[in-house]
Amino acid sequence: MALDKNSKIYVAGHNGLVGSAIWNNLLQRGYTNLVGRSHKELDLTDQVAVKRFFDEEQPDAVVLAAQAVAATSPAWARSATAIST
């Protein structure tokens, strides 16, 4: 499926390592209608909030680069665990 350069693309996890690389790559390729939400703005584990988001934004495509992490361990440990698994 080819997307128009004006297609609305939601990048879940756009602030993370992988998500930000995807976001920047899309921008470099000329996609300008990108949508991103931080975890504070949209909790992806909250089904009601996610449905409301999709109903309002109606993206043409979704890139899922969000990572579930444990809030109790330090960030460096979470990154190392994610890389090693």
# chains A, B, ... in the order shown; residues from 1 in each chain; ligands from 1
>>> residues_around(residues="stretch 26-28 of chain A", least_positions_apart="5", cutoff="10 Å", atoms="only C-alpha atoms", output="PyMOL selection string")
chain A and resi 5+9+11+20-21+33-34
>>> closest_residue(among="A:Gly13, A:Arg37, A:Leu44, A:Asp4", to="A:Glu57", atoms="only C-alpha atoms")
A:Arg37
>>> atom_distance(atom1="atom CA of A:Glu41", atom2="atom CA of A:Ala2")
29.1 Å
>>> residues_around(residues="A:Ala66", least_positions_apart="2", cutoff="10 Å", atoms="only C-alpha atoms", output="PDB file with all heavy atoms, in the first residue's frame")
ATOM      1  N   VAL A  11       2.650   7.624  14.660  1.00  0.00           N
ATOM      2  CA  VAL A  11       3.817   6.858  15.076  1.00  0.00           C
ATOM      3  C   VAL A  11       3.751   6.711  16.591  1.00  0.00           C
ATOM      4  O   VAL A  11       4.055   7.650  17.337  1.00  0.00           O
ATOM      5  CB  VAL A  11       5.138   7.537  14.642  1.00  0.00           C
ATOM      6  CG1 VAL A  11       6.331   6.687  15.062  1.00  0.00           C
ATOM      7  CG2 VAL A  11       5.159   7.779  13.139  1.00  0.00           C
ATOM      8  N   ALA A  12       3.326   5.537  17.049  1.00  0.00           N
ATOM      9  CA  ALA A  12       3.280   5.252  18.483  1.00  0.00           C
ATOM     10  C   ALA A  12       4.705   4.988  18.954  1.00  0.00           C
ATOM     11  O   ALA A  12       5.417   4.174  18.367  1.00  0.00           O
ATOM     12  CB  ALA A  12       2.397   4.039  18.757  1.00  0.00           C
ATOM     13  N   GLY A  13       5.132   5.712  19.964  1.00  0.00           N
ATOM     14  CA  GLY A  13       6.499   5.574  20.449  1.00  0.00           C
ATOM     15  C   GLY A  13       7.470   6.500  19.748  1.00  0.00           C
ATOM     16  O   GLY A  13       8.664   6.244  19.686  1.00  0.00           O
ATOM     17  N   HIS A  14       6.968   7.604  19.218  1.00  0.00           N
ATOM     18  CA  HIS A  14       7.804   8.514  18.420  1.00  0.00           C
ATOM     19  C   HIS A  14       8.925   9.183  19.222  1.00  0.00           C
ATOM     20  O   HIS A  14       9.852   9.728  18.642  1.00  0.00           O
ATOM     21  CB  HIS A  14       6.936   9.573  17.751  1.00  0.00           C
ATOM     22  CG  HIS A  14       6.452  10.637  18.671  1.00  0.00           C
ATOM     23  ND1 HIS A  14       5.495  10.402  19.630  1.00  0.00           N
ATOM     24  CD2 HIS A  14       6.808  11.933  18.801  1.00  0.00           C
ATOM     25  CE1 HIS A  14       5.278  11.517  20.302  1.00  0.00           C
ATOM     26  NE2 HIS A  14       6.058  12.464  19.812  1.00  0.00           N
ATOM     27  N   ASN A  15       8.852   9.137  20.549  1.00  0.00           N
ATOM     28  CA  ASN A  15       9.922   9.726  21.368  1.00  0.00           C
ATOM     29  C   ASN A  15      11.028   8.734  21.708  1.00  0.00           C
ATOM     30  O   ASN A  15      12.069   9.122  22.222  1.00  0.00           O
ATOM     31  CB  ASN A  15       9.339  10.287  22.679  1.00  0.00           C
ATOM     32  CG  ASN A  15       8.558  11.551  22.458  1.00  0.00           C
ATOM     33  OD1 ASN A  15       8.913  12.361  21.618  1.00  0.00           O
ATOM     34  ND2 ASN A  15       7.484  11.717  23.198  1.00  0.00           N
ATOM     35  N   GLY A  16      10.814   7.470  21.422  1.00  0.00           N
ATOM     36  CA  GLY A  16      11.805   6.446  21.732  1.00  0.00           C
ATOM     37  C   GLY A  16      12.882   6.328  20.664  1.00  0.00           C
ATOM     38  O   GLY A  16      12.853   7.028  19.638  1.00  0.00           O
ATOM     39  N   LEU A  17      13.804   5.430  20.892  1.00  0.00           N
ATOM     40  CA  LEU A  17      14.935   5.232  19.976  1.00  0.00           C
ATOM     41  C   LEU A  17      14.455   4.826  18.582  1.00  0.00           C
ATOM     42  O   LEU A  17      14.778   5.480  17.584  1.00  0.00           O
ATOM     43  CB  LEU A  17      15.881   4.168  20.544  1.00  0.00           C
ATOM     44  CG  LEU A  17      17.089   3.829  19.684  1.00  0.00           C
ATOM     45  CD1 LEU A  17      18.044   5.011  19.656  1.00  0.00           C
ATOM     46  CD2 LEU A  17      17.792   2.596  20.216  1.00  0.00           C
ATOM     47  N   VAL A  18      13.668   3.784  18.501  1.00  0.00           N
ATOM     48  CA  VAL A  18      13.203   3.287  17.203  1.00  0.00           C
ATOM     49  C   VAL A  18      12.163   4.230  16.605  1.00  0.00           C
ATOM     50  O   VAL A  18      12.222   4.587  15.428  1.00  0.00           O
ATOM     51  CB  VAL A  18      12.625   1.858  17.345  1.00  0.00           C
ATOM     52  CG1 VAL A  18      11.999   1.395  16.043  1.00  0.00           C
ATOM     53  CG2 VAL A  18      13.718   0.893  17.781  1.00  0.00           C
ATOM     54  N   GLY A  19      11.203   4.646  17.425  1.00  0.00           N
ATOM     55  CA  GLY A  19      10.144   5.524  16.944  1.00  0.00           C
ATOM     56  C   GLY A  19      10.645   6.844  16.404  1.00  0.00           C
ATOM     57  O   GLY A  19      10.175   7.339  15.377  1.00  0.00           O
ATOM     58  N   SER A  38       2.857  11.511  23.445  1.00  0.00           N
ATOM     59  CA  SER A  38       3.657  10.950  24.527  1.00  0.00           C
ATOM     60  C   SER A  38       2.776  10.026  25.359  1.00  0.00           C
ATOM     61  O   SER A  38       1.544  10.042  25.242  1.00  0.00           O
ATOM     62  CB  SER A  38       4.209  12.072  25.407  1.00  0.00           C
ATOM     63  OG  SER A  38       3.146  12.689  26.124  1.00  0.00           O
ATOM     64  N   HIS A  39       3.402   9.243  26.221  1.00  0.00           N
ATOM     65  CA  HIS A  39       2.643   8.352  27.095  1.00  0.00           C
ATOM     66  C   HIS A  39       1.706   9.150  28.000  1.00  0.00           C
ATOM     67  O   HIS A  39       0.586   8.709  28.288  1.00  0.00           O
ATOM     68  CB  HIS A  39       3.584   7.487  27.935  1.00  0.00           C
ATOM     69  CG  HIS A  39       2.872   6.599  28.898  1.00  0.00           C
ATOM     70  ND1 HIS A  39       2.151   5.495  28.493  1.00  0.00           N
ATOM     71  CD2 HIS A  39       2.734   6.666  30.238  1.00  0.00           C
ATOM     72  CE1 HIS A  39       1.612   4.921  29.551  1.00  0.00           C
ATOM     73  NE2 HIS A  39       1.952   5.598  30.627  1.00  0.00           N
ATOM     74  N   LEU A  44      -1.465   3.966  25.951  1.00  0.00           N
ATOM     75  CA  LEU A  44      -1.886   2.933  25.007  1.00  0.00           C
ATOM     76  C   LEU A  44      -2.500   1.713  25.680  1.00  0.00           C
ATOM     77  O   LEU A  44      -3.062   0.853  25.004  1.00  0.00           O
ATOM     78  CB  LEU A  44      -0.708   2.511  24.123  1.00  0.00           C
ATOM     79  CG  LEU A  44      -0.198   3.598  23.184  1.00  0.00           C
ATOM     80  CD1 LEU A  44       1.040   3.113  22.428  1.00  0.00           C
ATOM     81  CD2 LEU A  44      -1.278   4.044  22.219  1.00  0.00           C
ATOM     82  N   VAL A  63       2.214   3.265  12.796  1.00  0.00           N
ATOM     83  CA  VAL A  63       3.485   2.595  13.010  1.00  0.00           C
ATOM     84  C   VAL A  63       3.595   2.366  14.512  1.00  0.00           C
ATOM     85  O   VAL A  63       3.581   3.319  15.293  1.00  0.00           O
ATOM     86  CB  VAL A  63       4.678   3.449  12.524  1.00  0.00           C
ATOM     87  CG1 VAL A  63       5.987   2.741  12.825  1.00  0.00           C
ATOM     88  CG2 VAL A  63       4.541   3.760  11.048  1.00  0.00           C
ATOM     89  N   LEU A  64       3.676   1.098  14.917  1.00  0.00           N
ATOM     90  CA  LEU A  64       3.739   0.775  16.330  1.00  0.00           C
ATOM     91  C   LEU A  64       5.192   0.523  16.733  1.00  0.00           C
ATOM     92  O   LEU A  64       5.753  -0.536  16.480  1.00  0.00           O
ATOM     93  CB  LEU A  64       2.877  -0.445  16.653  1.00  0.00           C
ATOM     94  CG  LEU A  64       2.801  -0.863  18.104  1.00  0.00           C
ATOM     95  CD1 LEU A  64       2.353   0.296  18.987  1.00  0.00           C
ATOM     96  CD2 LEU A  64       1.866  -2.043  18.264  1.00  0.00           C
ATOM     97  N   ALA A  68       6.656  -1.321  25.935  1.00  0.00           N
ATOM     98  CA  ALA A  68       6.162  -1.399  27.309  1.00  0.00           C
ATOM     99  C   ALA A  68       7.362  -1.592  28.226  1.00  0.00           C
ATOM    100  O   ALA A  68       8.188  -2.474  27.998  1.00  0.00           O
ATOM    101  CB  ALA A  68       5.199  -2.565  27.454  1.00  0.00           C
ATOM    102  N   VAL A  69       7.483  -0.731  29.216  1.00  0.00           N
ATOM    103  CA  VAL A  69       8.603  -0.823  30.145  1.00  0.00           C
ATOM    104  C   VAL A  69       8.091  -0.788  31.570  1.00  0.00           C
ATOM    105  O   VAL A  69       7.049  -0.220  31.866  1.00  0.00           O
ATOM    106  CB  VAL A  69       9.623   0.324  29.939  1.00  0.00           C
ATOM    107  CG1 VAL A  69      10.306   0.208  28.604  1.00  0.00           C
ATOM    108  CG2 VAL A  69       8.962   1.669  30.084  1.00  0.00           C
TER     109      VAL A  69
END
>>> atom_distance(atom1="atom CA of A:Leu42", atom2="atom CA of A:Tyr10")
12.0 Å
>>> residues_around(residues="A:Tyr31", least_positions_apart="6", cutoff="10 Å", atoms="only C-alpha atoms", output="list in words")
Leu3, Asp4, Lys5, Asn6, Ser7, Lys8, Ile9, Trp23, Asn24 and Asn25 of chain A
>>> write_last_selection(atoms="C-alpha atoms", output="PDB file, in the first residue's frame")
ATOM      1  CA  LEU A   3       0.838   6.274   1.037  1.00  0.00           C
ATOM      2  CA  ASP A   4       0.397   9.789  -0.239  1.00  0.00           C
ATOM      3  CA  LYS A   5       2.920  12.259   1.232  1.00  0.00           C
ATOM      4  CA  ASN A   6      -0.008  14.022   2.937  1.00  0.00           C
ATOM      5  CA  SER A   7      -1.359  10.842   4.546  1.00  0.00           C
ATOM      6  CA  LYS A   8      -1.861  11.116   8.289  1.00  0.00           C
ATOM      7  CA  ILE A   9       0.566   8.698   9.940  1.00  0.00           C
ATOM      8  CA  TRP A  23       9.655   9.625  12.525  1.00  0.00           C
ATOM      9  CA  ASN A  24      12.812  11.291  11.169  1.00  0.00           C
ATOM     10  CA  ASN A  25      12.977   8.893   8.227  1.00  0.00           C
TER      11      ASN A  25
END
>>> atom_distance(atom1="atom CA of A:Asp60", atom2="atom CA of A:Thr45")
21.2 Å
